[in-house]
Amino acid sequence: MIFLFYSAPDLAMTQFSIDTLTVILFVLVIYNLPKYNTISSKALRVRDGILALFFGTLIALTTLEVLNEPINRETSTYYADNAYVLAKGKNVVNVILVDFRGFDTMVEIIVLAIAAIGVFSLLKLRLKSIEKE
């Protein structure tokens with residue numbers, strides 16, 4: 001709703017589509033997971049806990065290191081200064097998506113189409129397996 005309020009319906013639609021497709025895919029994957037009756041041993045859980053702690057710490061330290069870097073505002077200043085001058089658009093985000101990054105938007109549309117085809121295929125396979133039973 002915030003995207004719609006600030007005149008960015010393309011972002012709202014993209015966000016809604018991606019979120020919906022992601023939820024559908026997660027539900028399909030979780031629904032088809034096999035039932036596990038065995039619980040892992042204590043040694044495996046300790047090993048997995050140590051690995052999770054190690055990689056969590058590694059990601060946290062990397063994030064803190066990235067946040068300590070100075071911010072370079074050249075790119076955002078360029079887009080803000082040239083959105084209206086070069087593209088005649090008042091909404092900087094829309095101008096970036098449509099005019100400055102048109103190929104990126106085109107690829108995003110292709111990704112949405114591929115995701116939709118994937119969901120359709122999974123649903124079709126699921127319906128065929130139900131019909132066979």
# chains A, B, ... in the order shown; residues from 1 in each chain; ligands from 1

call {"tool": "closest_atom_pairs", "arguments": {"of": "range 88-118 of chain A", "to": "range 2-20 of chain A", "cutoff": "8 Å", "atoms": "only C-alpha atoms", "output": "Markdown table"}}
result
| residue | atom | partner | partner_atom | distance |
| --- | --- | --- | --- | --- |
| A:Asn91 | CA | A:Ser7 | CA | 7.6 |
| A:Val93 | CA | A:Ala8 | CA | 7.8 |
| A:Asn94 | CA | A:Ala8 | CA | 6.6 |
| A:Leu112 | CA | A:Ile18 | CA | 7.3 |

call {"tool": "select_by_dssp", "arguments": {"residues": "range 54-107 of chain A", "states": "helix (DSSP H, G or I)", "output": "PyMOL selection string"}}
result
chain A and resi 54-67+74-87+92-100+102-107

call {"tool": "write_last_selection", "arguments": {"atoms": "N, CA and C atoms", "output": "compact mmCIF listing (two decimals), in the first residue's frame"}}
result
# COMPACT_ATOMS: atom_id res chain seq x y z
N PHE A 54 29.20 -20.66 13.98
CA PHE A 54 30.36 -20.17 13.22
C PHE A 54 29.91 -19.30 12.05
N PHE A 55 29.01 -19.82 11.23
CA PHE A 55 28.58 -19.07 10.05
C PHE A 55 27.73 -17.85 10.43
N GLY A 56 26.95 -17.94 11.48
CA GLY A 56 26.21 -16.77 11.95
C GLY A 56 27.14 -15.67 12.40
N THR A 57 28.21 -16.04 13.12
CA THR A 57 29.20 -15.06 13.56
C THR A 57 29.93 -14.47 12.35
N LEU A 58 30.27 -15.32 11.37
CA LEU A 58 30.94 -14.85 10.17
C LEU A 58 30.08 -13.83 9.42
N ILE A 59 28.80 -14.11 9.26
CA ILE A 59 27.90 -13.19 8.56
C ILE A 59 27.73 -11.90 9.36
N ALA A 60 27.61 -12.01 10.69
CA ALA A 60 27.46 -10.81 11.52
C ALA A 60 28.70 -9.92 11.43
N LEU A 61 29.88 -10.51 11.48
CA LEU A 61 31.12 -9.73 11.37
C LEU A 61 31.25 -9.10 9.99
N THR A 62 30.89 -9.84 8.96
CA THR A 62 30.93 -9.28 7.61
C THR A 62 29.97 -8.10 7.49
N THR A 63 28.78 -8.24 8.05
CA THR A 63 27.80 -7.15 8.01
C THR A 63 28.31 -5.92 8.75
N LEU A 64 28.89 -6.12 9.92
CA LEU A 64 29.43 -5.00 10.68
C LEU A 64 30.58 -4.32 9.94
N GLU A 65 31.39 -5.12 9.25
CA GLU A 65 32.51 -4.55 8.48
C GLU A 65 31.99 -3.72 7.31
N VAL A 66 30.96 -4.20 6.65
CA VAL A 66 30.38 -3.46 5.53
C VAL A 66 29.75 -2.16 6.02
N LEU A 67 29.10 -2.20 7.17
CA LEU A 67 28.47 -1.00 7.71
C LEU A 67 29.48 0.06 8.14
N GLU A 74 27.63 9.21 -4.73
CA GLU A 74 27.70 9.67 -6.12
C GLU A 74 26.56 9.11 -6.96
N THR A 75 26.27 7.84 -6.81
CA THR A 75 25.24 7.20 -7.63
C THR A 75 23.86 7.76 -7.32
N SER A 76 23.52 7.84 -6.03
CA SER A 76 22.19 8.36 -5.67
C SER A 76 22.04 9.82 -6.06
N THR A 77 23.11 10.59 -5.96
CA THR A 77 23.07 12.00 -6.37
C THR A 77 22.87 12.11 -7.88
N TYR A 78 23.52 11.25 -8.65
CA TYR A 78 23.36 11.26 -10.10
C TYR A 78 21.90 11.00 -10.47
N TYR A 79 21.31 9.96 -9.91
CA TYR A 79 19.92 9.63 -10.24
C TYR A 79 18.97 10.74 -9.81
N ALA A 80 19.17 11.30 -8.63
CA ALA A 80 18.29 12.37 -8.16
C ALA A 80 18.41 13.62 -9.04
N ASP A 81 19.61 13.94 -9.46
CA ASP A 81 19.81 15.13 -10.28
C ASP A 81 19.31 14.96 -11.71
N ASN A 82 19.38 13.75 -12.25
CA ASN A 82 19.09 13.54 -13.67
C ASN A 82 17.74 12.89 -13.95
N ALA A 83 17.00 12.52 -12.93
CA ALA A 83 15.71 11.85 -13.17
C ALA A 83 14.77 12.73 -13.97
N TYR A 84 14.65 13.97 -13.59
CA TYR A 84 13.73 14.86 -14.31
C TYR A 84 14.37 15.43 -15.57
N VAL A 85 15.66 15.74 -15.49
CA VAL A 85 16.34 16.38 -16.62
C VAL A 85 16.43 15.43 -17.83
N LEU A 86 16.88 14.20 -17.60
CA LEU A 86 17.10 13.26 -18.71
C LEU A 86 15.86 12.44 -19.06
N ALA A 87 15.05 12.09 -18.05
CA ALA A 87 13.94 11.17 -18.30
C ALA A 87 12.58 11.81 -18.16
N VAL A 92 11.59 9.46 -8.79
CA VAL A 92 12.95 8.99 -9.06
C VAL A 92 13.01 7.47 -9.14
N VAL A 93 12.27 6.79 -8.27
CA VAL A 93 12.31 5.33 -8.26
C VAL A 93 11.76 4.78 -9.57
N ASN A 94 10.65 5.31 -10.05
CA ASN A 94 10.09 4.85 -11.32
C ASN A 94 11.03 5.13 -12.48
N VAL A 95 11.65 6.30 -12.47
CA VAL A 95 12.58 6.65 -13.55
C VAL A 95 13.77 5.70 -13.55
N ILE A 96 14.28 5.38 -12.37
CA ILE A 96 15.40 4.44 -12.29
C ILE A 96 15.00 3.09 -12.87
N LEU A 97 13.82 2.60 -12.47
CA LEU A 97 13.39 1.28 -12.93
C LEU A 97 13.08 1.24 -14.42
N VAL A 98 12.43 2.26 -14.93
CA VAL A 98 11.96 2.22 -16.32
C VAL A 98 13.01 2.74 -17.29
N ASP A 99 13.61 3.89 -17.02
CA ASP A 99 14.51 4.51 -17.99
C ASP A 99 15.97 4.13 -17.79
N PHE A 100 16.47 4.27 -16.59
CA PHE A 100 17.89 4.02 -16.37
C PHE A 100 18.21 2.52 -16.31
N GLY A 102 16.22 -0.15 -17.57
CA GLY A 102 15.17 -0.83 -18.34
C GLY A 102 15.45 -2.30 -18.55
N PHE A 103 16.71 -2.65 -18.83
CA PHE A 103 17.03 -4.06 -19.04
C PHE A 103 16.84 -4.85 -17.75
N ASP A 104 17.16 -4.25 -16.63
CA ASP A 104 16.95 -4.92 -15.35
C ASP A 104 15.46 -5.20 -15.13
N THR A 105 14.62 -4.22 -15.46
CA THR A 105 13.18 -4.41 -15.33
C THR A 105 12.70 -5.49 -16.28
N MET A 106 13.24 -5.52 -17.49
CA MET A 106 12.86 -6.55 -18.45
C MET A 106 13.24 -7.94 -17.93
N VAL A 107 14.43 -8.07 -17.37
CA VAL A 107 14.86 -9.35 -16.81
C VAL A 107 13.99 -9.72 -15.62

call {"tool": "atom_distance", "arguments": {"atom1": "CA of Ala113 in chain A", "atom2": "CA of Ile30 in chain A"}}
result
22.6 Å

call {"tool": "atom_distance", "arguments": {"atom1": "CA of Ser121 in chain A", "atom2": "CA of Asn32 in chain A"}}
result
14.7 Å

call {"tool": "decode", "arguments": {"residues": "range 75-92 of chain A", "atoms": "N, CA and C atoms", "output": "PDB file, in the first residue's frame"}}
result
ATOM      1  N   THR A  75      26.272   7.839  -6.809  1.00  0.00           N
ATOM      2  CA  THR A  75      25.240   7.203  -7.632  1.00  0.00           C
ATOM      3  C   THR A  75      23.861   7.764  -7.317  1.00  0.00           C
ATOM      4  N   SER A  76      23.515   7.844  -6.029  1.00  0.00           N
ATOM      5  CA  SER A  76      22.193   8.358  -5.674  1.00  0.00           C
ATOM      6  C   SER A  76      22.041   9.823  -6.059  1.00  0.00           C
ATOM      7  N   THR A  77      23.114  10.594  -5.960  1.00  0.00           N
ATOM      8  CA  THR A  77      23.072  11.996  -6.374  1.00  0.00           C
ATOM      9  C   THR A  77      22.866  12.108  -7.880  1.00  0.00           C
ATOM     10  N   TYR A  78      23.523  11.254  -8.650  1.00  0.00           N
ATOM     11  CA  TYR A  78      23.355  11.263 -10.103  1.00  0.00           C
ATOM     12  C   TYR A  78      21.898  10.998 -10.474  1.00  0.00           C
ATOM     13  N   TYR A  79      21.314   9.956  -9.909  1.00  0.00           N
ATOM     14  CA  TYR A  79      19.925   9.629 -10.238  1.00  0.00           C
ATOM     15  C   TYR A  79      18.967  10.737  -9.809  1.00  0.00           C
ATOM     16  N   ALA A  80      19.173  11.302  -8.632  1.00  0.00           N
ATOM     17  CA  ALA A  80      18.289  12.371  -8.158  1.00  0.00           C
ATOM     18  C   ALA A  80      18.407  13.615  -9.038  1.00  0.00           C
ATOM     19  N   ASP A  81      19.609  13.941  -9.459  1.00  0.00           N
ATOM     20  CA  ASP A  81      19.811  15.131 -10.285  1.00  0.00           C
ATOM     21  C   ASP A  81      19.308  14.960 -11.715  1.00  0.00           C
ATOM     22  N   ASN A  82      19.378  13.753 -12.254  1.00  0.00           N
ATOM     23  CA  ASN A  82      19.086  13.539 -13.666  1.00  0.00           C
ATOM     24  C   ASN A  82      17.740  12.888 -13.948  1.00  0.00           C
ATOM     25  N   ALA A  83      17.003  12.522 -12.932  1.00  0.00           N
ATOM     26  CA  ALA A  83      15.715  11.850 -13.171  1.00  0.00           C
ATOM     27  C   ALA A  83      14.772  12.732 -13.973  1.00  0.00           C
ATOM     28  N   TYR A  84      14.647  13.970 -13.586  1.00  0.00           N
ATOM     29  CA  TYR A  84      13.734  14.863 -14.306  1.00  0.00           C
ATOM     30  C   TYR A  84      14.371  15.428 -15.572  1.00  0.00           C
ATOM     31  N   VAL A  85      15.660  15.741 -15.493  1.00  0.00           N
ATOM     32  CA  VAL A  85      16.344  16.380 -16.622  1.00  0.00           C
ATOM     33  C   VAL A  85      16.434  15.433 -17.826  1.00  0.00           C
ATOM     34  N   LEU A  86      16.876  14.197 -17.601  1.00  0.00           N
ATOM     35  CA  LEU A  86      17.097  13.261 -18.709  1.00  0.00           C
ATOM     36  C   LEU A  86      15.863  12.442 -19.062  1.00  0.00           C
ATOM     37  N   ALA A  87      15.055  12.090 -18.052  1.00  0.00           N
ATOM     38  CA  ALA A  87      13.943  11.166 -18.302  1.00  0.00           C
ATOM     39  C   ALA A  87      12.577  11.806 -18.157  1.00  0.00           C
ATOM     40  N   LYS A  88      12.527  13.050 -17.748  1.00  0.00           N
ATOM     41  CA  LYS A  88      11.264  13.793 -17.579  1.00  0.00           C
ATOM     42  C   LYS A  88      10.310  13.101 -16.604  1.00  0.00           C
ATOM     43  N   GLY A  89      10.866  12.500 -15.567  1.00  0.00           N
ATOM     44  CA  GLY A  89      10.040  11.841 -14.563  1.00  0.00           C
ATOM     45  C   GLY A  89      10.243  12.456 -13.201  1.00  0.00           C
ATOM     46  N   LYS A  90       9.133  12.624 -12.475  1.00  0.00           N
ATOM     47  CA  LYS A  90       9.225  13.233 -11.144  1.00  0.00           C
ATOM     48  C   LYS A  90       9.461  12.197 -10.047  1.00  0.00           C
ATOM     49  N   ASN A  91       9.048  10.948 -10.282  1.00  0.00           N
ATOM     50  CA  ASN A  91       9.262   9.888  -9.304  1.00  0.00           C
ATOM     51  C   ASN A  91      10.596   9.215  -9.631  1.00  0.00           C
ATOM     52  N   VAL A  92      11.594   9.463  -8.790  1.00  0.00           N
ATOM     53  CA  VAL A  92      12.955   8.992  -9.062  1.00  0.00           C
ATOM     54  C   VAL A  92      13.011   7.474  -9.140  1.00  0.00           C
TER      55      VAL A  92
END
